[in-house]
Amino acid sequence: MANGPGLLTATGGEMYVGKNIRDSLPQLDVLYANQFEGESFVPKLTEQTEVNFYRGAPPIWLNFHISEQAGGTAGPLIKRDGYETLVQQIQQRGRPGISTVKLFHQPGSGGTTLAMQVLWDLRKTFRCAVLKSSTSDMTKVAQEVVHLFTAGGRGHQNTVLLLLDDEMILENLHERIMEEIAAQKIVPCMPVLVLLCCFRKDADLQSGHVVLEKALSDTEKEKFNEKKTELGRRYTDQCELFHGFNIMQTNFSQAYVTQACTVFSNVRRAGRPLKTQLAAFLALLNDYVPGSYVLESQCLDFLKKNKNDPLKDSMKPFSHLIVTFTQDSSSEKRVRMVHPMIAQTCTDLMAEAGVTRSDTARNLLNHFCRDEVPPYLLAFFKDMLTKRETTKQKNPLNSTEVEEKQQKFSRLILDIQATENEDMSASLLKVASNKFDRNPFFPQALARFYYIEMKNYNLAAMWAERAKKRDPKNSFIADTLGQVYKNQLKNTAISHTPREILHLATKAIEAFKHEEQLAEEEAEDVCNTTVLQTFNNRGIFGYLQVCNILYDRLVRQNETWRNVLTSSVSMDSVLDSLGDNKLFTFNDVIKSLREEVERKYIFFDKYLTYSKPSMKKDDAPYISEDTLDCFRKYVGDIQMWKKEKCDNSIQKLKQNLADTSTGVLSCLDRDIEITTWWEEIDSSPDSLTALANYIKQKLPLSPQEAPERQMLALILNWPTDGEESVFDLNQLIQRMHGSYERSYKKYFGSRYLCPLFFLGKGQRSVVLLRTVLERLGLNNQDWSNDWSDETIFQHPMIQTHLRKIEGVVQNCRVYATVGGTNIGVDANLRNSLWIPRQVSFYLGFTIRGPVAFGIQTKTA
């Protein structure tokens, strides 16, 4: 980069990047098109960089430059089989917008190297960058990505290829970038961003994503054998120490790894030198937290060596299993084991020698956490002791479905429990809880271990309380105390008296009510921000679970409790038959149960009806099953209850109260058009007109009105084809948005809002229920589970029933054209909004407002 760093334009030209642009991209590690060009490197540096890589250091950009520039007998870096697929998937992204390509890889399989190879080879096609670290401020990241895309002005834009490793930020980043593009009024004529997501986890081989495993194909074996011959000519005896390369070349041979780790076979439990202890620390950390490291300076301090002493010399005979590296010129030297398989085998060998995982982990904490612990190291310890891995397994009832299951505890805690005992797992978590005395996650994990595995509810409650004190406003931390009491109640001996059962239930109820309060406060704090956050509903759900258990335990002992808990009789009137006058101390709690159960059931009825976790994912079935079970116990038959709510709503409508709350929507889960139901409101032939006229008299409704009422008002006033709207539809929609923001945003903010109705064909506001629409176009596919697949709108039966809406896409928004006026609506698939054009679509309604589905470019 003799003349300065350069970026490629979409036309293939190269523009130089000034310091002002470089300084405006602190979150991105930009790989420039002319990276290292014109620069010269000391031969010793290039050789050491290459040697480190083959020994097991993580790749840096210089590795790819060296490989590309090497002449003579040196060959390029090996590309694993997924390389061509990744490049092809990236280059196929030809339409304007944002797209995602995913690479899943097992630790030590070369996934990071493969992802960086792709960026390096495409740096002269795209503007390549790596997201330096996960951050909650996606707005700033989006601004930097857009800045990188537009750098150089209108005629110099080019697609950004961004490498990241955090799956949680994808959707949020997508939204923020679209907002930034719209705010700057940019009209892209090419893809703005391709996200190359490199995740260190297993994935379904049939997922369509690239999956890299610790196994070589025949083609890869041939490539690695050829590379081994080349490296042997260039580095002779050093090749024996290229463990990172050799492990892959031997097809991840456990025999090779075991042979490399024989130095640990002579380790004894007592009298271990500091270097042996340090090697054990590094092995444990790299085994359970792939990608982790410690600083060289910390290692030398532990060994009581001068900072200028070579760590390599101080760590003999373990030196060949450890690699020291720098990530960039400004960072300190880092130290780790050369490969995760080496780390795991060393840990196993130490355990066989009597140096247990719990001993090593405890000593690691005690020696490296004496003073203030650096944030990066605390994060590694937190992952090692509290991160619960998610595993994939096939659904036993459906072989085509893959279920995800989260482990109960971290892999280290589970391994200690399996190879040592439960006490050692608990002891280690206790050491961490005391060592990091302000961190709530370690005592939370300890409390969970006590109540789940050891059934020691008293200690579990104590540590759960300590976790709460360390972060008193965190609802997810508060949840643990409720779970302790709930499980104690569930597992309490049948012989316990009603008073003992109620005492435990009351403690659980109080804990879950407090958690619900904290969750509400958290939601209020983020309600007016752009941060997408999942609402913690565990307190509400935990309350219902406790009520379920309480009901079963008490009614099993005495049928009289059935009438008491459902408020059919008062407690004081049946105390004699219950046999304990002191039970009256629980009267206030018992009196509140029926009303609270009904309120919480209504919450979940809305939550599960109006939203789902994502377009492609439904909530776990047990949530609706447990909530419904509890409702039936305390309130009664759900159909009778809904009919009563419906009848009440109809009666209020007859009285011109126009009560269109959730009770009305609950009546609509029938195979009818909404206008048919409205006509049943009154036998008068003009009842619908009367209702419409009444609502129009109230227009525009204020944001204080319920979203359900706003929705029906909007539907009633949506004009048919060729008509002009009597009211300002944009204003009605904004009012509906405002009502949603006030009522539901804090609960549904991070979730996908399900369409409830669709605008049908007809002279009036004919609306089809979503469930009816799904059955019309079912064709052996469950459309309700995946609204990201809009092919349902290509089904002839669907097209027969739905009204086509004309509109336009401009500035990353879609508008319905009604009577010559553009009415802004949301889009189900926002990636269809990049190209300005005339469009047509079908109109659905979520609890937030109208949404365009099946957007198609209108042909001339």
# chains A, B, ... in the order shown; residues from 1 in each chain; ligands from 1
>>> residues_around(residues="A:Leu554", least_positions_apart="6", cutoff="9 Å", atoms="only C-alpha atoms", output="ChimeraX atom specification")
/A:497-498,501-502,560-562
>>> write_last_selection(atoms="N, CA and C atoms", output="mmCIF file, in the first residue's frame")
data_model
loop_
_atom_site.group_PDB
_atom_site.id
_atom_site.type_symbol
_atom_site.label_atom_id
_atom_site.label_comp_id
_atom_site.auth_asym_id
_atom_site.auth_seq_id
_atom_site.Cartn_x
_atom_site.Cartn_y
_atom_site.Cartn_z
ATOM 1 N N THR A 497 -48.000 -31.375 54.599
ATOM 2 C CA THR A 497 -49.330 -30.857 54.898
ATOM 3 C C THR A 497 -49.678 -29.704 53.951
ATOM 4 N N PRO A 498 -50.982 -29.397 53.810
ATOM 5 C CA PRO A 498 -51.385 -28.248 52.987
ATOM 6 C C PRO A 498 -50.702 -26.956 53.410
ATOM 7 N N ILE A 501 -47.232 -26.994 51.969
ATOM 8 C CA ILE A 501 -47.327 -26.820 50.517
ATOM 9 C C ILE A 501 -47.616 -25.367 50.177
ATOM 10 N N LEU A 502 -48.558 -24.769 50.883
ATOM 11 C CA LEU A 502 -48.903 -23.368 50.628
ATOM 12 C C LEU A 502 -47.759 -22.433 50.991
ATOM 13 N N THR A 560 -62.116 -30.643 48.494
ATOM 14 C CA THR A 560 -62.652 -29.329 48.855
ATOM 15 C C THR A 560 -61.795 -28.209 48.290
ATOM 16 N N TRP A 561 -60.495 -28.483 48.163
ATOM 17 C CA TRP A 561 -59.584 -27.449 47.642
ATOM 18 C C TRP A 561 -59.976 -27.006 46.230
ATOM 19 N N ARG A 562 -60.620 -27.880 45.454
ATOM 20 C CA ARG A 562 -61.007 -27.513 44.092
ATOM 21 C C ARG A 562 -61.916 -26.279 44.097
#
>>> residues_around(residues="stretch 479-492 of chain A", least_positions_apart="5", cutoff="9 Å", atoms="only C-alpha atoms", output="count of residues only")
43
>>> select_by_dssp(residues="stretch 388-559 of chain A", states="strand (DSSP E or B)", output="ChimeraX atom specification")
/A:390-395,398-406
>>> atom_distance(atom1="atom CA of A:Phe758", atom2="atom CA of A:Ala816")
14.4 Å
>>> residues_around(residues="stretch 570-582 of chain A", least_positions_apart="4", cutoff="9 Å", atoms="only C-alpha atoms", output="ChimeraX atom specification")
/A:498-499,558,560-561,563-565,586-587,590-591
>>> atom_distance(atom1="atom CA of A:Val51", atom2="atom CA of A:Glu222")
21.4 Å
>>> select_by_dssp(residues="stretch 281-411 of chain A", states="alpha helix (DSSP H)", output="PDB file with C-alpha atoms, in the first residue's frame")
ATOM      1  CA  PHE A 281      -4.237 -24.171  32.676  1.00  0.00           C
ATOM      2  CA  LEU A 282      -3.866 -23.465  28.968  1.00  0.00           C
ATOM      3  CA  ALA A 283      -5.076 -26.944  28.050  1.00  0.00           C
ATOM      4  CA  LEU A 284      -8.213 -26.668  30.178  1.00  0.00           C
ATOM      5  CA  LEU A 285      -9.028 -23.173  28.942  1.00  0.00           C
ATOM      6  CA  ASN A 286      -8.519 -24.025  25.261  1.00  0.00           C
ATOM      7  CA  ASP A 287     -10.405 -27.289  25.626  1.00  0.00           C
ATOM      8  CA  TYR A 288     -13.548 -25.713  27.035  1.00  0.00           C
ATOM      9  CA  GLU A 296       2.354 -13.778  27.455  1.00  0.00           C
ATOM     10  CA  SER A 297       3.033 -11.253  30.210  1.00  0.00           C
ATOM     11  CA  GLN A 298       0.580 -13.094  32.492  1.00  0.00           C
ATOM     12  CA  CYS A 299       2.322 -16.380  31.782  1.00  0.00           C
ATOM     13  CA  LEU A 300       5.739 -14.938  32.619  1.00  0.00           C
ATOM     14  CA  ASP A 301       4.379 -13.426  35.819  1.00  0.00           C
ATOM     15  CA  PHE A 302       2.985 -16.802  36.842  1.00  0.00           C
ATOM     16  CA  LEU A 303       6.320 -18.476  36.074  1.00  0.00           C
ATOM     17  CA  LEU A 311       8.397 -18.122  27.152  1.00  0.00           C
ATOM     18  CA  LYS A 312       9.398 -20.919  24.792  1.00  0.00           C
ATOM     19  CA  ASP A 313      12.501 -21.692  26.849  1.00  0.00           C
ATOM     20  CA  SER A 314      10.648 -21.426  30.142  1.00  0.00           C
ATOM     21  CA  PRO A 340      -8.312 -27.861  20.531  1.00  0.00           C
ATOM     22  CA  MET A 341      -7.669 -31.617  20.148  1.00  0.00           C
ATOM     23  CA  ILE A 342      -4.259 -31.147  21.775  1.00  0.00           C
ATOM     24  CA  ALA A 343      -5.897 -29.198  24.591  1.00  0.00           C
ATOM     25  CA  GLN A 344      -8.548 -31.861  25.153  1.00  0.00           C
ATOM     26  CA  THR A 345      -6.053 -34.724  25.134  1.00  0.00           C
ATOM     27  CA  CYS A 346      -3.730 -32.918  27.558  1.00  0.00           C
ATOM     28  CA  THR A 347      -6.656 -32.328  29.896  1.00  0.00           C
ATOM     29  CA  ASP A 348      -7.627 -36.009  29.692  1.00  0.00           C
ATOM     30  CA  LEU A 349      -4.058 -37.162  30.357  1.00  0.00           C
ATOM     31  CA  MET A 350      -3.756 -34.852  33.357  1.00  0.00           C
ATOM     32  CA  ALA A 351      -7.010 -36.215  34.742  1.00  0.00           C
ATOM     33  CA  GLU A 352      -5.764 -39.790  34.310  1.00  0.00           C
ATOM     34  CA  ARG A 357     -10.377 -30.869  35.904  1.00  0.00           C
ATOM     35  CA  SER A 358     -11.790 -29.321  39.063  1.00  0.00           C
ATOM     36  CA  ASP A 359      -8.301 -29.017  40.602  1.00  0.00           C
ATOM     37  CA  THR A 360      -6.911 -27.392  37.462  1.00  0.00           C
ATOM     38  CA  ALA A 361      -9.848 -25.017  37.099  1.00  0.00           C
ATOM     39  CA  ARG A 362      -9.701 -24.035  40.774  1.00  0.00           C
ATOM     40  CA  ASN A 363      -5.967 -23.348  40.612  1.00  0.00           C
ATOM     41  CA  LEU A 364      -6.425 -21.420  37.376  1.00  0.00           C
ATOM     42  CA  LEU A 365      -8.953 -19.135  39.070  1.00  0.00           C
ATOM     43  CA  ASN A 366      -6.842 -18.696  42.181  1.00  0.00           C
ATOM     44  CA  HIS A 367      -3.611 -17.871  40.330  1.00  0.00           C
ATOM     45  CA  PHE A 368      -4.947 -15.711  37.489  1.00  0.00           C
ATOM     46  CA  PRO A 375     -12.612  -8.220  30.836  1.00  0.00           C
ATOM     47  CA  TYR A 376     -11.491 -10.622  28.103  1.00  0.00           C
ATOM     48  CA  LEU A 377     -10.278 -13.166  30.664  1.00  0.00           C
ATOM     49  CA  LEU A 378     -13.433 -12.829  32.769  1.00  0.00           C
ATOM     50  CA  ALA A 379     -15.439 -13.539  29.611  1.00  0.00           C
ATOM     51  CA  PHE A 380     -13.435 -16.736  29.045  1.00  0.00           C
ATOM     52  CA  PHE A 381     -14.012 -17.873  32.637  1.00  0.00           C
ATOM     53  CA  LYS A 382     -17.716 -17.073  32.360  1.00  0.00           C
ATOM     54  CA  ASP A 383     -18.000 -19.167  29.192  1.00  0.00           C
ATOM     55  CA  MET A 384     -16.010 -22.011  30.742  1.00  0.00           C
ATOM     56  CA  LEU A 385     -18.188 -22.223  33.842  1.00  0.00           C
ATOM     57  CA  THR A 386     -21.635 -20.990  32.835  1.00  0.00           C
ATOM     58  CA  ARG A 411     -19.544 -28.566  29.321  1.00  0.00           C
TER      59      ARG A 411
END
>>> closest_residue(among="A:Glu389, A:Lys223, A:Ser725, A:Asp121", to="A:Glu68", atoms="only C-alpha atoms")
A:Asp121
